[in-house]
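What follows is a single structure, written as C-alpha coordinates, with notes after it.
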Amino acid sequence: AALRNGDCDVAVAFAYEGADLGVLEEDLSLLETHHLLDDEVRVVVPKSNPLADRASVSLSDFADEEWIAGCPRCRGHLVSLADHEGFRPNVAFEIEDYVAQIGLVTAGLGVALVPDLILNAAKHEEVATLSLSPVSRRQILAVTTSDLQRVPAVAAALRALGEAAGAEVDVPEPALSPA
(Lines give C-alpha, C1' and ligand atoms only; values in the text may rest on other atoms or scores of the structure.)
Protein backbone atom coordinates (compact mmCIF):
# COMPACT_ATOMS: atom_id res chain seq x y z
CA ALA A 1 0.00 0.00 0.00
CA ALA A 2 2.85 2.41 0.81
CA LEU A 3 4.39 1.82 -2.63
CA ARG A 4 1.08 2.27 -4.40
CA ASN A 5 0.39 5.47 -2.43
CA GLY A 6 3.85 6.87 -3.22
CA ASP A 7 4.85 6.91 0.46
CA CYS A 8 8.04 4.92 -0.14
CA ASP A 9 10.25 3.79 -2.99
CA VAL A 10 11.20 0.30 -1.76
CA ALA A 11 9.48 -2.01 0.71
CA VAL A 12 11.03 -5.04 2.35
CA ALA A 13 8.29 -7.63 2.72
CA PHE A 14 7.98 -11.22 3.86
CA ALA A 15 5.76 -14.14 2.97
CA TYR A 16 5.52 -17.53 4.60
CA GLU A 17 5.87 -20.62 2.44
CA GLY A 18 2.59 -22.09 1.37
CA ALA A 19 -0.69 -20.23 1.43
CA ASP A 20 0.85 -16.82 2.15
CA LEU A 21 2.67 -16.74 -1.18
CA GLY A 22 -0.51 -16.93 -3.26
CA VAL A 23 -2.07 -14.02 -1.40
CA LEU A 24 1.17 -12.05 -1.58
CA GLU A 25 1.43 -12.59 -5.35
CA GLU A 26 -2.00 -10.97 -5.75
CA ASP A 27 -0.96 -8.06 -3.52
CA LEU A 28 2.22 -7.61 -5.55
CA SER A 29 0.65 -7.64 -9.00
CA LEU A 30 2.06 -4.79 -11.08
CA LEU A 31 4.97 -4.43 -8.63
CA GLU A 32 8.53 -5.62 -9.06
CA THR A 33 9.75 -8.15 -6.49
CA HIS A 34 13.31 -9.23 -5.84
CA HIS A 35 13.93 -12.32 -3.74
CA LEU A 36 16.52 -11.53 -1.09
CA LEU A 37 16.65 -14.65 1.06
CA ASP A 38 14.79 -17.49 2.72
CA ASP A 39 14.52 -17.05 6.48
CA GLU A 40 14.07 -20.19 8.59
CA VAL A 41 11.46 -20.00 11.35
CA ARG A 42 12.29 -21.80 14.60
CA VAL A 43 10.53 -22.70 17.83
CA VAL A 44 11.81 -20.69 20.79
CA VAL A 45 11.37 -22.33 24.21
CA PRO A 46 12.61 -21.61 27.73
CA LYS A 47 15.83 -23.49 28.51
CA SER A 48 13.85 -25.31 31.21
CA ASN A 49 11.55 -26.91 28.60
CA PRO A 50 12.09 -30.71 28.48
CA LEU A 51 12.65 -30.53 24.69
CA ALA A 52 15.14 -27.63 24.86
CA ASP A 53 18.15 -29.88 24.16
CA ARG A 54 16.77 -31.26 20.90
CA ALA A 55 18.16 -30.02 17.61
CA SER A 56 14.91 -30.55 15.73
CA VAL A 57 11.28 -30.88 16.81
CA SER A 58 7.84 -31.23 15.34
CA LEU A 59 5.37 -28.44 16.01
CA SER A 60 3.01 -31.07 17.42
CA ASP A 61 5.55 -31.65 20.21
CA PHE A 62 4.21 -28.37 21.61
CA ALA A 63 0.49 -29.00 21.13
CA ASP A 64 -0.15 -28.69 24.88
CA GLU A 65 1.99 -25.57 25.36
CA GLU A 66 0.79 -22.00 25.58
CA TRP A 67 1.87 -19.99 22.54
CA ILE A 68 3.06 -16.43 22.13
CA ALA A 69 1.94 -15.30 18.69
CA GLY A 70 3.02 -12.35 16.57
CA CYS A 71 1.44 -10.19 13.88
CA PRO A 72 -1.77 -11.36 12.19
CA ARG A 73 0.14 -13.04 9.31
CA CYS A 74 2.53 -14.67 11.79
CA ARG A 75 -0.41 -15.93 13.89
CA GLY A 76 -2.01 -17.23 10.70
CA HIS A 77 1.21 -19.07 9.87
CA LEU A 78 1.30 -20.63 13.35
CA VAL A 79 -2.35 -21.69 13.11
CA SER A 80 -1.82 -23.11 9.61
CA LEU A 81 1.23 -25.13 10.68
CA ALA A 82 -0.55 -26.39 13.79
CA ASP A 83 -3.65 -27.31 11.77
CA HIS A 84 -1.43 -29.34 9.45
CA GLU A 85 -0.02 -31.08 12.55
CA GLY A 86 -3.52 -31.81 13.89
CA PHE A 87 -3.93 -29.35 16.76
CA ARG A 88 -5.13 -25.83 17.52
CA PRO A 89 -2.50 -23.74 19.33
CA ASN A 90 -3.49 -22.21 22.67
CA VAL A 91 -2.42 -18.61 22.03
CA ALA A 92 -1.95 -17.05 25.46
CA PHE A 93 -0.28 -13.83 24.27
CA GLU A 94 -0.33 -11.86 21.03
CA ILE A 95 2.40 -9.30 20.49
CA GLU A 96 3.98 -8.04 17.28
CA ASP A 97 7.37 -7.22 18.81
CA TYR A 98 9.68 -10.23 18.44
CA VAL A 99 12.02 -9.04 21.19
CA ALA A 100 9.04 -8.88 23.55
CA GLN A 101 7.96 -12.34 22.37
CA ILE A 102 11.38 -13.73 23.28
CA GLY A 103 11.13 -11.93 26.63
CA LEU A 104 7.81 -13.65 27.34
CA VAL A 105 9.38 -17.00 26.42
CA THR A 106 12.31 -16.20 28.73
CA ALA A 107 9.80 -15.56 31.53
CA GLY A 108 8.37 -19.05 30.95
CA LEU A 109 5.00 -17.80 29.70
CA GLY A 110 4.93 -19.90 26.52
CA VAL A 111 6.73 -20.86 23.33
CA ALA A 112 6.92 -18.95 20.05
CA LEU A 113 7.83 -19.18 16.38
CA VAL A 114 10.62 -16.71 15.60
CA PRO A 115 12.54 -16.22 12.33
CA ASP A 116 16.33 -16.49 12.15
CA LEU A 117 16.74 -12.82 11.17
CA ILE A 118 15.32 -11.87 14.56
CA LEU A 119 17.16 -14.59 16.46
CA ASN A 120 20.47 -13.49 14.97
CA ALA A 121 19.88 -9.94 16.20
CA ALA A 122 18.21 -10.66 19.56
CA LYS A 123 20.35 -13.24 21.36
CA HIS A 124 18.99 -14.58 24.65
CA GLU A 125 20.92 -17.08 26.73
CA GLU A 126 17.76 -18.07 28.63
CA VAL A 127 16.02 -19.65 25.62
CA ALA A 128 16.66 -22.52 23.24
CA THR A 129 15.97 -22.25 19.52
CA LEU A 130 14.88 -25.44 17.84
CA SER A 131 14.59 -26.27 14.15
CA LEU A 132 11.22 -27.46 12.95
CA SER A 133 10.74 -30.70 11.08
CA PRO A 134 9.47 -30.16 8.50
CA VAL A 135 11.35 -26.89 8.14
CA SER A 136 9.33 -23.68 8.01
CA ARG A 137 10.63 -20.67 6.11
CA ARG A 138 9.55 -17.25 5.01
CA GLN A 139 10.75 -15.40 1.94
CA ILE A 140 12.21 -11.92 2.33
CA LEU A 141 11.56 -9.72 -0.70
CA ALA A 142 12.47 -6.22 -1.86
CA VAL A 143 9.47 -4.68 -3.60
CA THR A 144 9.23 -1.58 -5.78
CA THR A 145 7.56 -0.43 -9.00
CA SER A 146 8.99 -0.90 -12.49
CA ASP A 147 9.36 2.88 -12.86
CA LEU A 148 11.01 3.38 -9.47
CA GLN A 149 13.57 0.61 -9.95
CA ARG A 150 14.97 2.64 -12.86
CA VAL A 151 15.72 5.59 -10.55
CA PRO A 152 19.47 5.45 -9.79
CA ALA A 153 19.08 5.78 -6.00
CA VAL A 154 16.38 3.08 -5.90
CA ALA A 155 18.44 0.75 -8.11
CA ALA A 156 21.41 1.30 -5.79
CA ALA A 157 19.25 0.56 -2.74
CA LEU A 158 17.95 -2.66 -4.32
CA ARG A 159 21.49 -3.77 -5.16
CA ALA A 160 22.64 -2.94 -1.61
CA LEU A 161 19.78 -4.98 -0.13
CA GLY A 162 20.72 -7.87 -2.39
CA GLU A 163 24.38 -7.60 -1.43
CA ALA A 164 23.54 -7.53 2.29
CA ALA A 165 21.34 -10.61 1.85
CA GLY A 166 23.89 -12.43 -0.29
CA ALA A 167 21.55 -12.36 -3.29
CA GLU A 168 22.04 -10.97 -6.75
CA VAL A 169 19.35 -8.42 -7.49
CA ASP A 170 18.88 -7.87 -11.20
CA VAL A 171 17.60 -4.35 -11.81
CA PRO A 172 17.41 -2.61 -15.18
CA GLU A 173 19.80 0.15 -16.02
CA PRO A 174 18.68 3.40 -14.40
CA ALA A 175 16.77 5.80 -16.60
CA LEU A 176 18.90 8.68 -17.76
CA SER A 177 17.55 12.21 -17.66
CA PRO A 178 17.49 14.01 -20.98
CA ALA A 179 20.48 16.34 -21.32
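Ordering of the C-alpha coordinates sets the chain letters (A, B, ...), residue numbers begin anew at 1 in every chain, and ligands are numbered from 1 in the order given.
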Excluding same-chain residues fewer than 2 positions from stretch 101-117 of chain A, what lies within 7 Å of it counting only C-alpha atoms, as JSON, numbers by chain? {"A": [39, 40, 41, 42, 43, 44, 45, 46, 65, 66, 67, 68, 69, 95, 97, 98, 99, 119, 120, 121, 126, 127]}
Spatial neighbours of A:Arg75, 12 Å, only C-alpha atoms, chain gap at least 3 places, as a list in words: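 Those residues are Tyr16, Asp20, Trp67, Ile68, Ala69, Gly70, Cys71, Pro72, Leu78, Val79, Ser80, Leu81, Ala82, Arg88, Pro89, Asn90, Val91, Ala92, Phe93, Glu94, Ile95, Glu96, Ala112, Leu113 and Val114 of chain A.
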Between stretch 102-137 of chain A and stretch 52-56 of chain A, at 10 Å or less, what are the per-residue closest atom pairs and their distances in Å? Count only C-alpha atoms, order by chain and rising residue number, and return it as CSV.
```
residue,atom,partner,partner_atom,distance
A:Val127,CA,A:Ala52,CA,8.1
A:Ala128,CA,A:Ala52,CA,5.6
A:Thr129,CA,A:Ala52,CA,7.6
A:Leu130,CA,A:Ser56,CA,5.5
A:Ser131,CA,A:Ser56,CA,4.6
A:Leu132,CA,A:Ser56,CA,5.6
A:Ser133,CA,A:Ser56,CA,6.2
A:Pro134,CA,A:Ser56,CA,9.1
A:Val135,CA,A:Ser56,CA,9.2
```
Pick the closest to A:Ala122 from A:Ala100, A:Glu17, A:Ala63, A:Gly86: which is it, counting only C-alpha atoms?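 Closest to A:Ala122, using only C-alpha atoms: A:Ala100.
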Given only C-alpha atoms, how would the per-residue table for stretch 26-125 of chain A near stretch 143-164 of chain A read, listing every residue at most 8 Å away with its closest atom pair and distance in Å to one decimal, sorted by chain and number, as JSON lines?
```
{"residue": "A:Leu30", "atom": "CA", "partner": "A:Thr145", "partner_atom": "CA", "distance": 7.3}
{"residue": "A:Leu31", "atom": "CA", "partner": "A:Thr145", "partner_atom": "CA", "distance": 4.8}
{"residue": "A:Glu32", "atom": "CA", "partner": "A:Thr144", "partner_atom": "CA", "distance": 5.3}
{"residue": "A:Thr33", "atom": "CA", "partner": "A:Val143", "partner_atom": "CA", "distance": 4.5}
{"residue": "A:His34", "atom": "CA", "partner": "A:Val143", "partner_atom": "CA", "distance": 6.4}
{"residue": "A:Leu36", "atom": "CA", "partner": "A:Gly162", "partner_atom": "CA", "distance": 5.7}
```
Just to confirm, what's the straight-line distance from atom CA of A:Glu173 to atom CA of A:His35 in Å (one decimal)?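 Those two atoms sit 18.5 Å apart.
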Just the alpha helix (DSSP H) stuff from stretch 1-167 of chain A, please, per backbone DSSP, written as a ChimeraX atom specification. /A:2-5,19-27,72-85,98-106,116-121,152-165
Picked from stretch 2-176 of chain A by DSSP as strand (DSSP E or B), as an NGL selection string: :A and (11-16 or 32-46 or 56-57 or 66-69 or 90-94 or 111-115 or 127-144)
What is the atom CA of A:Ala13 to atom CA of A:Cys74 distance in Å?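 Answer for the atom CA of A:Ala13 to atom CA of A:Cys74 separation: 12.9 Å.
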